[in-house]
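Structure data (compact mmCIF, C-alpha atoms and all ligand atoms) from target06.txt:
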```txt
# COMPACT_ATOMS: atom_id res chain seq x y z
CA MET A 1 10.65 35.80 -16.56
CA ASP A 2 12.34 32.89 -14.75
CA HIS A 3 13.08 30.70 -17.80
CA ALA A 4 14.37 27.75 -15.74
CA ALA A 5 11.14 27.58 -13.69
CA GLU A 6 9.06 28.07 -16.83
CA ALA A 7 10.89 25.22 -18.59
CA GLN A 8 10.17 22.97 -15.61
CA ARG A 9 6.49 23.79 -15.73
CA THR A 10 6.29 22.93 -19.40
CA ASP A 11 8.47 19.82 -19.30
CA LEU A 12 6.03 17.51 -17.55
CA MET A 13 7.28 14.22 -16.13
CA THR A 14 4.21 12.01 -16.45
CA ILE A 15 4.11 8.64 -14.75
CA THR A 16 4.41 6.86 -18.11
CA ARG A 17 7.44 8.91 -19.09
CA HIS A 18 8.99 8.19 -15.69
CA VAL A 19 8.46 4.43 -16.01
CA LEU A 20 9.79 4.45 -19.57
CA ASN A 21 12.92 6.22 -18.27
CA GLU A 22 13.24 3.58 -15.54
CA GLN A 23 12.92 0.91 -18.22
CA GLY A 24 16.23 2.18 -19.59
CA ARG A 25 17.89 0.57 -16.56
CA HIS A 26 16.78 -2.83 -17.92
CA PRO A 27 17.96 -3.10 -21.54
CA GLU A 28 16.26 -6.50 -21.87
CA SER A 29 12.87 -4.96 -21.04
CA ARG A 30 10.24 -4.95 -23.80
CA GLY A 31 7.80 -2.46 -22.25
CA ASP A 32 5.47 -5.02 -20.64
CA PHE A 33 5.70 -3.39 -17.24
CA THR A 34 4.90 0.04 -18.72
CA ILE A 35 1.81 -1.43 -20.36
CA LEU A 36 0.74 -3.12 -17.10
CA LEU A 37 1.24 0.10 -15.18
CA SER A 38 -0.76 2.12 -17.68
CA HIS A 39 -3.71 -0.22 -17.04
CA ILE A 40 -3.32 0.22 -13.27
CA VAL A 41 -3.22 3.98 -13.80
CA LEU A 42 -6.41 3.77 -15.84
CA GLY A 43 -8.10 1.89 -12.96
CA CYS A 44 -6.92 4.58 -10.52
CA LYS A 45 -8.27 7.39 -12.72
CA PHE A 46 -11.62 5.65 -13.01
CA VAL A 47 -11.87 5.12 -9.24
CA ALA A 48 -10.74 8.71 -8.56
CA SER A 49 -13.52 9.96 -10.77
CA ALA A 50 -16.08 7.60 -9.18
CA VAL A 51 -15.00 8.64 -5.65
CA ASN A 52 -15.40 12.30 -6.59
CA LYS A 53 -18.88 11.67 -7.95
CA ALA A 54 -19.88 9.21 -5.23
CA GLY A 55 -22.29 11.46 -3.35
CA LEU A 56 -23.88 12.72 -6.54
CA ALA A 57 -24.15 9.40 -8.31
CA LYS A 58 -25.47 7.59 -5.21
CA LEU A 59 -22.57 5.17 -5.34
CA ILE A 60 -22.01 5.24 -1.61
CA GLY A 61 -23.89 2.94 0.72
CA LEU A 62 -24.15 -0.80 1.00
CA ALA A 63 -24.26 -3.00 -2.06
CA GLY A 64 -26.03 -5.70 -0.10
CA GLU A 65 -23.10 -8.11 -0.21
CA THR A 66 -20.31 -8.94 2.22
CA ASN A 67 -16.72 -9.47 1.16
CA VAL A 68 -14.52 -12.45 2.07
CA GLN A 69 -13.59 -10.89 5.42
CA GLY A 70 -17.29 -10.66 6.34
CA GLU A 71 -17.24 -6.86 6.09
CA GLU A 72 -20.13 -4.95 4.60
CA GLN A 73 -19.26 -4.28 1.00
CA LYS A 74 -19.95 -0.86 -0.41
CA LYS A 75 -21.00 -0.11 -3.94
CA LEU A 76 -17.76 1.73 -4.57
CA ASP A 77 -15.78 -1.35 -3.49
CA VAL A 78 -17.67 -3.51 -5.96
CA LEU A 79 -17.22 -1.04 -8.78
CA SER A 80 -13.51 -0.48 -8.07
CA ASN A 81 -12.87 -4.21 -7.97
CA GLU A 82 -14.60 -4.77 -11.31
CA VAL A 83 -12.67 -1.92 -12.90
CA PHE A 84 -9.28 -3.14 -11.69
CA VAL A 85 -9.88 -6.80 -12.57
CA LYS A 86 -10.98 -5.85 -16.09
CA ALA A 87 -8.13 -3.35 -16.56
CA LEU A 88 -5.52 -5.87 -15.37
CA VAL A 89 -6.87 -8.77 -17.44
CA SER A 90 -7.21 -6.64 -20.59
CA SER A 91 -3.61 -5.45 -20.25
CA GLY A 92 -2.60 -8.91 -21.52
CA ARG A 93 0.33 -8.73 -19.10
CA THR A 94 -1.10 -10.49 -16.02
CA CYS A 95 -1.39 -14.11 -15.08
CA VAL A 96 -2.71 -14.40 -11.51
CA LEU A 97 -4.63 -11.72 -9.61
CA VAL A 98 -5.48 -11.55 -5.90
CA SER A 99 -8.04 -8.99 -4.79
CA GLU A 100 -9.25 -8.22 -1.29
CA GLU A 101 -12.76 -8.54 -2.67
CA ASN A 102 -12.40 -12.05 -4.14
CA GLU A 103 -12.05 -15.11 -1.96
CA GLU A 104 -10.16 -17.05 -4.65
CA ALA A 105 -7.28 -15.97 -6.84
CA ILE A 106 -8.18 -15.13 -10.45
CA PHE A 107 -6.22 -17.14 -13.04
CA VAL A 108 -6.28 -15.16 -16.27
CA ASP A 109 -7.46 -16.96 -19.42
CA PRO A 110 -4.33 -18.46 -21.07
CA ALA A 111 -4.99 -16.52 -24.28
CA LEU A 112 -4.64 -13.23 -22.39
CA ARG A 113 -1.82 -14.20 -20.07
CA GLY A 114 1.36 -12.25 -19.38
CA LYS A 115 4.16 -12.69 -16.89
CA TYR A 116 3.00 -10.54 -13.97
CA CYS A 117 0.92 -11.28 -10.86
CA VAL A 118 -0.86 -8.44 -9.10
CA CYS A 119 -2.16 -8.48 -5.52
CA PHE A 120 -4.39 -5.52 -4.77
CA ASP A 121 -6.95 -3.95 -2.53
CA PRO A 122 -9.11 -1.94 -4.94
CA LEU A 123 -10.54 0.35 -2.28
CA ASP A 124 -8.86 0.23 1.11
CA GLY A 125 -10.31 2.08 4.09
CA SER A 126 -13.86 1.35 3.01
CA SER A 127 -15.39 2.26 6.37
CA ASN A 128 -14.39 5.85 5.52
CA ILE A 129 -16.24 6.03 2.20
CA ASP A 130 -19.52 7.41 3.45
CA CYS A 131 -17.95 10.34 5.31
CA GLY A 132 -15.64 11.47 2.51
CA VAL A 133 -12.35 10.64 4.26
CA SER A 134 -9.34 9.71 2.06
CA ILE A 135 -9.33 6.12 0.80
CA GLY A 136 -7.04 4.36 -1.63
CA THR A 137 -6.00 1.49 -3.88
CA ILE A 138 -2.95 -0.58 -2.89
CA PHE A 139 -1.05 -2.93 -5.22
CA GLY A 140 1.98 -5.19 -5.28
CA ILE A 141 3.44 -6.77 -8.43
CA TYR A 142 5.37 -10.05 -8.82
CA MET A 143 6.74 -12.02 -11.74
CA ILE A 144 5.47 -15.58 -12.35
CA LYS A 145 8.09 -18.22 -11.67
CA ASP A 146 7.34 -20.65 -14.50
CA LYS A 147 4.93 -19.69 -17.29
CA ASP A 148 4.18 -23.35 -18.08
CA ASN A 149 3.19 -24.15 -14.51
CA VAL A 150 1.25 -21.28 -13.00
CA THR A 151 0.18 -21.94 -9.40
CA LEU A 152 -0.94 -20.14 -6.26
CA GLY A 153 2.73 -20.18 -5.28
CA ASP A 154 3.19 -17.34 -7.78
CA VAL A 155 1.24 -15.00 -5.50
CA LEU A 156 2.35 -16.56 -2.21
CA GLN A 157 5.90 -15.29 -2.63
CA PRO A 158 7.75 -13.44 0.15
CA GLY A 159 7.59 -9.67 -0.08
CA THR A 160 11.30 -9.57 -0.86
CA ASP A 161 10.43 -11.01 -4.30
CA MET A 162 8.11 -8.11 -5.09
CA LEU A 163 9.08 -6.17 -8.25
CA ALA A 164 7.03 -3.07 -7.65
CA ALA A 165 4.41 -1.70 -5.31
CA GLY A 166 2.30 1.39 -4.95
CA TYR A 167 -0.87 3.02 -3.82
CA CYS A 168 -3.22 5.65 -5.12
CA MET A 169 -4.83 7.93 -2.56
CA TYR A 170 -8.18 9.48 -3.34
CA GLY A 171 -8.11 12.53 -1.08
CA SER A 172 -8.08 16.30 -1.42
CA SER A 173 -5.94 15.51 -4.44
CA CYS A 174 -5.35 12.15 -6.12
CA THR A 175 -1.79 10.96 -5.55
CA LEU A 176 -0.13 7.82 -6.88
CA VAL A 177 2.99 6.68 -5.02
CA LEU A 178 5.12 4.07 -6.79
CA SER A 179 8.33 2.15 -6.33
CA THR A 180 9.83 -0.16 -8.91
CA GLY A 181 12.65 -1.03 -6.52
CA ASN A 182 14.70 2.10 -7.16
CA GLY A 183 13.35 4.57 -4.60
CA VAL A 184 9.85 6.00 -4.21
CA ASN A 185 8.17 8.64 -6.34
CA GLY A 186 4.82 10.41 -5.96
CA PHE A 187 2.64 11.62 -8.85
CA THR A 188 -0.39 13.88 -8.56
CA LEU A 189 -3.30 13.66 -10.97
CA ASP A 190 -3.75 16.88 -12.92
CA PRO A 191 -7.49 16.66 -13.63
CA SER A 192 -7.27 19.09 -16.53
CA LEU A 193 -4.66 16.91 -18.29
CA GLY A 194 -5.89 13.55 -17.01
CA GLU A 195 -2.25 12.71 -16.31
CA PHE A 196 -0.32 11.82 -13.17
CA ILE A 197 2.60 14.30 -12.94
CA LEU A 198 5.74 13.74 -10.85
CA THR A 199 5.29 16.02 -7.84
CA HIS A 200 7.17 14.14 -5.09
CA PRO A 201 10.46 12.85 -6.56
CA ASN A 202 12.59 10.45 -4.54
CA ILE A 203 10.54 10.41 -1.33
CA LYS A 204 12.64 9.72 1.77
CA VAL A 205 10.91 9.10 5.10
CA PRO A 206 12.54 11.22 7.86
CA LYS A 207 14.92 9.08 9.95
CA LYS A 208 12.92 9.83 13.08
CA GLY A 209 9.42 11.22 13.36
CA LYS A 210 7.20 13.07 15.80
CA ILE A 211 3.97 11.20 15.13
CA TYR A 212 2.60 7.81 16.15
CA SER A 213 -0.47 6.35 14.48
CA VAL A 214 -2.49 3.55 16.04
CA ASN A 215 -6.06 2.63 16.98
CA GLU A 216 -5.72 3.24 20.73
CA GLY A 217 -9.22 1.88 21.27
CA ASN A 218 -7.61 -1.56 21.16
CA ALA A 219 -5.07 -0.73 23.93
CA LYS A 220 -6.62 -3.00 26.56
CA ASN A 221 -5.81 -6.03 24.41
CA TRP A 222 -2.25 -5.08 23.36
CA ASP A 223 0.83 -7.11 24.21
CA ALA A 224 3.50 -5.64 26.53
CA PRO A 225 5.97 -4.28 23.89
CA THR A 226 3.23 -2.40 22.01
CA ALA A 227 1.81 -1.00 25.25
CA LYS A 228 5.30 0.06 26.42
CA TYR A 229 6.09 1.67 23.08
CA VAL A 230 2.92 3.77 23.03
CA GLU A 231 3.52 4.75 26.67
CA LYS A 232 7.02 5.95 25.63
CA CYS A 233 5.49 7.99 22.80
CA LYS A 234 3.26 9.78 25.31
CA PHE A 235 5.58 9.96 28.32
CA PRO A 236 9.16 9.90 27.00
CA GLN A 237 11.74 9.34 29.73
CA ASP A 238 14.72 10.74 27.78
CA GLY A 239 13.75 14.41 27.97
CA SER A 240 12.36 14.47 24.41
CA SER A 241 8.90 15.86 23.61
CA PRO A 242 5.92 13.51 23.48
CA LYS A 243 4.90 12.40 19.99
CA SER A 244 1.61 13.57 18.44
CA LEU A 245 -1.10 11.03 17.72
CA ARG A 246 -2.64 11.00 14.24
CA TYR A 247 -4.93 8.15 13.20
CA ILE A 248 -7.19 8.40 10.17
CA GLY A 249 -8.12 4.71 10.15
CA SER A 250 -7.52 4.50 6.41
CA MET A 251 -4.21 2.76 5.80
CA VAL A 252 -3.32 4.58 2.59
CA ALA A 253 -3.83 7.99 4.19
CA ASP A 254 -1.98 7.04 7.40
CA ILE A 255 0.96 5.61 5.44
CA HIS A 256 1.06 8.56 3.04
CA ARG A 257 1.39 10.96 5.97
CA THR A 258 4.03 8.71 7.58
CA LEU A 259 6.08 8.61 4.36
CA LEU A 260 6.03 12.39 4.01
CA TYR A 261 6.24 13.54 7.65
CA GLY A 262 7.88 10.55 9.34
CA GLY A 263 6.81 8.69 12.47
CA ILE A 264 5.38 5.24 12.93
CA PHE A 265 2.16 3.44 11.98
CA LEU A 266 1.20 0.46 14.12
CA TYR A 267 -1.44 -2.20 13.63
CA PRO A 268 -0.28 -4.67 16.26
CA ALA A 269 -1.50 -8.09 17.28
CA ASP A 270 -3.81 -8.09 20.25
CA GLN A 271 -5.62 -10.67 22.34
CA LYS A 272 -8.68 -10.51 20.09
CA SER A 273 -6.72 -10.55 16.80
CA PRO A 274 -3.47 -12.50 17.36
CA ASN A 275 -2.45 -11.87 13.74
CA GLY A 276 -3.45 -8.22 13.70
CA LYS A 277 -5.92 -6.96 11.12
CA LEU A 278 -4.04 -5.97 7.99
CA ARG A 279 -3.63 -8.37 5.09
CA VAL A 280 -0.16 -9.48 4.08
CA LEU A 281 -0.45 -9.65 0.29
CA TYR A 282 -2.15 -6.38 -0.49
CA GLU A 283 -1.60 -4.17 2.58
CA VAL A 284 1.48 -5.22 4.59
CA PHE A 285 3.79 -6.17 1.70
CA PRO A 286 3.24 -3.22 -0.66
CA MET A 287 3.41 -0.66 2.17
CA SER A 288 6.51 -2.33 3.67
CA PHE A 289 8.19 -2.34 0.25
CA LEU A 290 7.51 1.38 -0.18
CA MET A 291 8.65 2.19 3.38
CA GLU A 292 11.93 0.32 2.93
CA GLN A 293 12.51 1.91 -0.46
CA ALA A 294 12.01 5.31 1.21
CA GLY A 295 14.65 4.49 3.85
CA GLY A 296 12.33 3.35 6.64
CA GLN A 297 11.61 -0.07 8.10
CA ALA A 298 8.70 -2.50 8.44
CA PHE A 299 8.57 -5.07 11.25
CA THR A 300 5.94 -7.62 12.30
CA GLY A 301 6.88 -7.92 15.98
CA LYS A 302 8.98 -10.96 15.09
CA GLN A 303 10.75 -10.28 11.80
CA ARG A 304 11.30 -7.98 8.84
CA ALA A 305 7.83 -7.79 7.29
CA LEU A 306 8.98 -8.41 3.70
CA GLU A 307 10.53 -11.74 4.74
CA LEU A 308 7.17 -13.23 5.73
CA ALA A 309 6.35 -16.31 3.66
CA PRO A 310 2.55 -16.22 3.26
CA THR A 311 0.67 -19.51 3.03
CA LYS A 312 -2.85 -18.13 2.50
CA LEU A 313 -4.19 -15.47 0.14
CA HIS A 314 -5.94 -13.38 2.77
CA GLU A 315 -3.43 -13.95 5.57
CA ARG A 316 -3.01 -11.17 8.15
CA SER A 317 0.01 -9.93 10.06
CA PRO A 318 0.78 -7.41 12.79
CA ILE A 319 2.76 -4.50 11.35
CA PHE A 320 4.91 -1.61 12.63
CA LEU A 321 6.27 0.60 9.88
CA GLY A 322 7.73 4.04 9.38
CA SER A 323 10.84 6.04 10.22
CA TYR A 324 13.98 3.94 10.66
CA ASP A 325 14.75 5.04 14.23
CA ASP A 326 11.16 4.75 15.45
CA VAL A 327 10.88 1.17 14.18
CA GLU A 328 14.28 0.41 15.79
CA GLU A 329 12.73 1.33 19.14
CA ILE A 330 9.84 -1.07 18.86
CA LYS A 331 12.19 -3.80 17.60
CA ALA A 332 14.31 -3.31 20.72
CA LEU A 333 11.23 -3.68 22.96
CA TYR A 334 10.23 -6.95 21.28
CA ALA A 335 13.82 -8.20 21.45
CA SER A 336 14.09 -7.50 25.19
CA GLU A 337 10.75 -9.23 25.82
CA ALA A 338 11.93 -12.27 23.84
CA SER A 339 15.22 -12.44 25.78
CA ALA A 340 13.34 -12.16 29.11
CA VAL A 341 11.40 -15.43 28.53
P1 LIG B 1 -11.19 -0.45 6.69
O1 LIG B 1 -11.52 -1.45 7.75
O2 LIG B 1 -11.96 0.83 6.80
O3 LIG B 1 -11.25 -1.02 5.28
O4 LIG B 1 -7.80 -3.04 6.45
C1 LIG B 1 -8.69 -2.07 6.21
C2 LIG B 1 -8.57 -0.84 7.10
O5 LIG B 1 -9.64 0.01 6.90
C3 LIG B 1 -7.26 -0.02 6.87
O6 LIG B 1 -7.35 0.82 5.76
C4 LIG B 1 -7.13 0.73 8.16
O7 LIG B 1 -5.79 1.11 8.42
C5 LIG B 1 -7.64 -0.25 9.19
O8 LIG B 1 -8.49 -1.16 8.49
C6 LIG B 1 -8.43 0.43 10.28
O9 LIG B 1 -8.80 -0.50 11.22
P2 LIG B 1 -9.49 -0.10 12.63
O10 LIG B 1 -10.84 0.45 12.28
O11 LIG B 1 -9.56 -1.38 13.38
O12 LIG B 1 -8.62 0.92 13.30
```

What would the structure in this file look like if it were written as structure tokens?
Amino acid sequence: MDHAAEAQRTDLMTITRHVLNEQGRHPESRGDFTILLSHIVLGCKFVASAVNKAGLAKLIGLAGETNVQGEEQKKLDVLSNEVFVKALVSSGRTCVLVSEENEEAIFVDPALRGKYCVCFDPLDGSSNIDCGVSIGTIFGIYMIKDKDNVTLGDVLQPGTDMLAAGYCMYGSSCTLVLSTGNGVNGFTLDPSLGEFILTHPNIKVPKKGKIYSVNEGNAKNWDAPTAKYVEKCKFPQDGSSPKSLRYIGSMVADIHRTLLYGGIFLYPADQKSPNGKLRVLYEVFPMSFLMEQAGGQAFTGKQRALELAPTKLHERSPIFLGSYDDVEEIKALYASEASAV
């Protein structure tokens, strides 16, 4: 019997144990973050179970409402949002919440307030729900600046102020990827234990990838650097092989693949959407934080994505993120266009 392998199988690193270990790096910490995270994990487990049962329980389909972006809202979106808002408020550790599904920020009742702010998209990739494609929850966590004067400014902080970010992907397995600012770790839900177990320690995105990921249906409206970059992916002039195209159209799934296999994910600006499509607070920032923590980069076409200073809750931004070298290439194309004008 291989005793070393056996010991590993029986010494399970759950997500709570991992975060408690991380807490050791901050001797002043009193466990508030661990409690907050355990409520997020509960929300993820609930949504994972609802997604698995969706077809059976008739949860898929329209709920007859539209969300703040004017998109059709699905029943699963509504349910997931309710679950996360309740889980976050009841943690007693949050103060301001921003959800993709709520036009206004939620200011937690003072009696239940804690020091954290959470921006989240409870169920991203909703157009994929009805056909069973992977979808996910994305979240970013900040600290309030002044507990006696809580304002919208607490959630309109630049991404560089983020304390932690993560996503949970509801796919062929349920995977939670988390960074608390000290690298990126992936945990897979063991349904028999009901626990997320560390399965992808210290994720590093390959320095250069072989995949590009973009909605090419928008190509006619792209700006010149994006169009040139995608052309280079398909017809490289340096003797390298063309890149493969993979686009799921569900940000969590496309970013998860990019983190593990490398490459680049692009949702650029175009003539129809000058600010791109993806939302800064609960899509661009958390994913950029994770990508940087994994050794990659995230760029808006103008600047490092995490340095954006959002002024509106549901603000959008173009985004290019992934392997370090691949993002360098698109940065160079934007820089040469800027120097040409
Ligand atoms: P969805 O509209 O299905 O909710 O911002 C949401 C998002 O999906 C992302 O998950 C995804 O990356 C992107 O939009 C897909 O947009 P396109 O359909 O325009 O490619």

Quiz item: What residues have any atom no more than 6 Å from ligand LIG 1 (chain B) when counting only C-alpha atoms and all ligand atoms, and can you list them as number ranges by chain?
Solution: A: 124-128, 215, 249-251, 278

Practice problem: May I have the protein, DNA and RNA residues with any atom at most 8 Å from the point (3.8, -10.6, 19.2), counting only C-alpha atoms, written as a PyMOL selection string? | Solution: chain A and resi 223+268-269+274+300-302+318+334

Quiz item: Expressed in Å to a single decimal, how great is the separation between atom CA of A:Ala165 and atom CA of A:His39?
Solution: 14.3 Å

What's the 10 Å shell around A:Ala87, counting all atoms listed in the file, without same-chain residues fewer than 2 positions away, as a PDB file with C-alpha atoms, keeping the file's coordinate frame?
```pdb
ATOM      1  CA  LEU A  36       0.740  -3.120 -17.100  1.00  0.00           C
ATOM      2  CA  SER A  38      -0.760   2.120 -17.680  1.00  0.00           C
ATOM      3  CA  HIS A  39      -3.710  -0.220 -17.040  1.00  0.00           C
ATOM      4  CA  ILE A  40      -3.320   0.220 -13.270  1.00  0.00           C
ATOM      5  CA  VAL A  41      -3.220   3.980 -13.800  1.00  0.00           C
ATOM      6  CA  LEU A  42      -6.410   3.770 -15.840  1.00  0.00           C
ATOM      7  CA  GLY A  43      -8.100   1.890 -12.960  1.00  0.00           C
ATOM      8  CA  ASN A  81     -12.870  -4.210  -7.970  1.00  0.00           C
ATOM      9  CA  GLU A  82     -14.600  -4.770 -11.310  1.00  0.00           C
ATOM     10  CA  VAL A  83     -12.670  -1.920 -12.900  1.00  0.00           C
ATOM     11  CA  PHE A  84      -9.280  -3.140 -11.690  1.00  0.00           C
ATOM     12  CA  VAL A  85      -9.880  -6.800 -12.570  1.00  0.00           C
ATOM     13  CA  VAL A  89      -6.870  -8.770 -17.440  1.00  0.00           C
ATOM     14  CA  SER A  90      -7.210  -6.640 -20.590  1.00  0.00           C
ATOM     15  CA  SER A  91      -3.610  -5.450 -20.250  1.00  0.00           C
ATOM     16  CA  GLY A  92      -2.600  -8.910 -21.520  1.00  0.00           C
TER      17      GLY A  92
END
```

A:Val327: which residues within 7 Å, counting only C-alpha atoms, same-chain residues fewer than 6 positions away excluded, as a compact mmCIF listing (two decimals) with C-alpha atoms, in the coordinates of the input?
```
# COMPACT_ATOMS: atom_id res chain seq x y z
CA ILE A 264 5.38 5.24 12.93
CA GLN A 297 11.61 -0.07 8.10
CA PHE A 320 4.91 -1.61 12.63
CA LEU A 321 6.27 0.60 9.88
```

Self-check item: Nearest to A:Leu112, chosen from A:Leu20, A:Leu259, A:Met162, A:Val96, with all atoms listed in the file counted in the distances
Solution: A:Val96

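Minimum distance to A:Glu283 across A:Met13, A:Ala305, A:Leu76, A:Leu333 (counting only C-alpha atoms) occurs at A:Ala305.
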
Practice problem: Using atom CA of A:Phe265 and atom CA of A:Phe120 as the two end points, give the distance in Å to one decimal. | Solution: 20.1 Å

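Contact shell of stretch 24-30 of chain A at 12 Å (all atoms listed in the file; same-chain neighbours under 4 positions omitted): Arg17, His18, Val19, Leu20, Thr34, Ile35, Leu36, Arg93, Thr180, Gly181 and Asn182 of chain A.
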
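Atom CA of A:Ser49 to atom CA of A:Tyr116 spans 26.5 Å [interatomic distance, one decimal].
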
Quiz item: Hey, which of A:Ile138, A:Ala224, A:Cys117, A:Ala332 ends up closest to A:Arg279? Count all atoms listed in the file.
Solution: A:Ile138

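If you measure from each of A:Ala294, A:Ile106, A:Cys168, A:Leu260 to A:Asp121 using all atoms listed in the file, the closest one turns out to be A:Cys168.
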
Selection near A:Thr137, 9 Å with all atoms listed in the file, sequence-local residues under 2 positions removed, as a PDB file with C-alpha atoms, keeping the file's coordinate frame:
```pdb
ATOM      1  CA  CYS A  44      -6.920   4.580 -10.520  1.00  0.00           C
ATOM      2  CA  VAL A  47     -11.870   5.120  -9.240  1.00  0.00           C
ATOM      3  CA  SER A  80     -13.510  -0.480  -8.070  1.00  0.00           C
ATOM      4  CA  PHE A 120      -4.390  -5.520  -4.770  1.00  0.00           C
ATOM      5  CA  ASP A 121      -6.950  -3.950  -2.530  1.00  0.00           C
ATOM      6  CA  PRO A 122      -9.110  -1.940  -4.940  1.00  0.00           C
ATOM      7  CA  LEU A 123     -10.540   0.350  -2.280  1.00  0.00           C
ATOM      8  CA  ASP A 124      -8.860   0.230   1.110  1.00  0.00           C
ATOM      9  CA  ILE A 135      -9.330   6.120   0.800  1.00  0.00           C
ATOM     10  CA  PHE A 139      -1.050  -2.930  -5.220  1.00  0.00           C
ATOM     11  CA  GLY A 166       2.300   1.390  -4.950  1.00  0.00           C
ATOM     12  CA  TYR A 167      -0.870   3.020  -3.820  1.00  0.00           C
ATOM     13  CA  CYS A 168      -3.220   5.650  -5.120  1.00  0.00           C
ATOM     14  CA  MET A 169      -4.830   7.930  -2.560  1.00  0.00           C
ATOM     15  CA  TYR A 170      -8.180   9.480  -3.340  1.00  0.00           C
ATOM     16  CA  VAL A 252      -3.320   4.580   2.590  1.00  0.00           C
TER      17      VAL A 252
END
```

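Minimum atom-to-atom distance to A:Gly171, evaluated using only C-alpha atoms, belongs to A:Gly136 out of A:Gly136, A:Gly276, A:Gly114, A:Gly209.
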
(-6.8, 4.4, 20.8) in this file's frame - what residues fall within 12 Å of it? Use only C-alpha atoms and give the answer as a tab-separated table (two decimals) with C-alpha atoms, keeping the file's coordinate frame.
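Just written: selection_37.tsv:
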```tsv
chain	number	residue	atom	x	y	z
A	212	TYR	CA	2.60	7.81	16.15
A	213	SER	CA	-0.47	6.35	14.48
A	214	VAL	CA	-2.49	3.55	16.04
A	215	ASN	CA	-6.06	2.63	16.98
A	216	GLU	CA	-5.72	3.24	20.73
A	217	GLY	CA	-9.22	1.88	21.27
A	218	ASN	CA	-7.61	-1.56	21.16
A	219	ALA	CA	-5.07	-0.73	23.93
A	220	LYS	CA	-6.62	-3.00	26.56
A	221	ASN	CA	-5.81	-6.03	24.41
A	222	TRP	CA	-2.25	-5.08	23.36
A	227	ALA	CA	1.81	-1.00	25.25
A	230	VAL	CA	2.92	3.77	23.03
A	231	GLU	CA	3.52	4.75	26.67
A	245	LEU	CA	-1.10	11.03	17.72
A	246	ARG	CA	-2.64	11.00	14.24
A	247	TYR	CA	-4.93	8.15	13.20
A	248	ILE	CA	-7.19	8.40	10.17
A	249	GLY	CA	-8.12	4.71	10.15
A	266	LEU	CA	1.20	0.46	14.12
A	267	TYR	CA	-1.44	-2.20	13.63
```

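Shortest separation to A:Leu88 among A:His256, A:Glu104, A:Pro206, A:Arg113 occurs at residue A:Arg113, atoms counted being all atoms listed in the file.
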
Quiz prompt | Close residues, A:Ser172 itself excluded, 10 Å, only C-alpha atoms, min 3 positions apart in chain, as an MDAnalysis selection string | solution = chainID A and resid 52 132:134 169 175
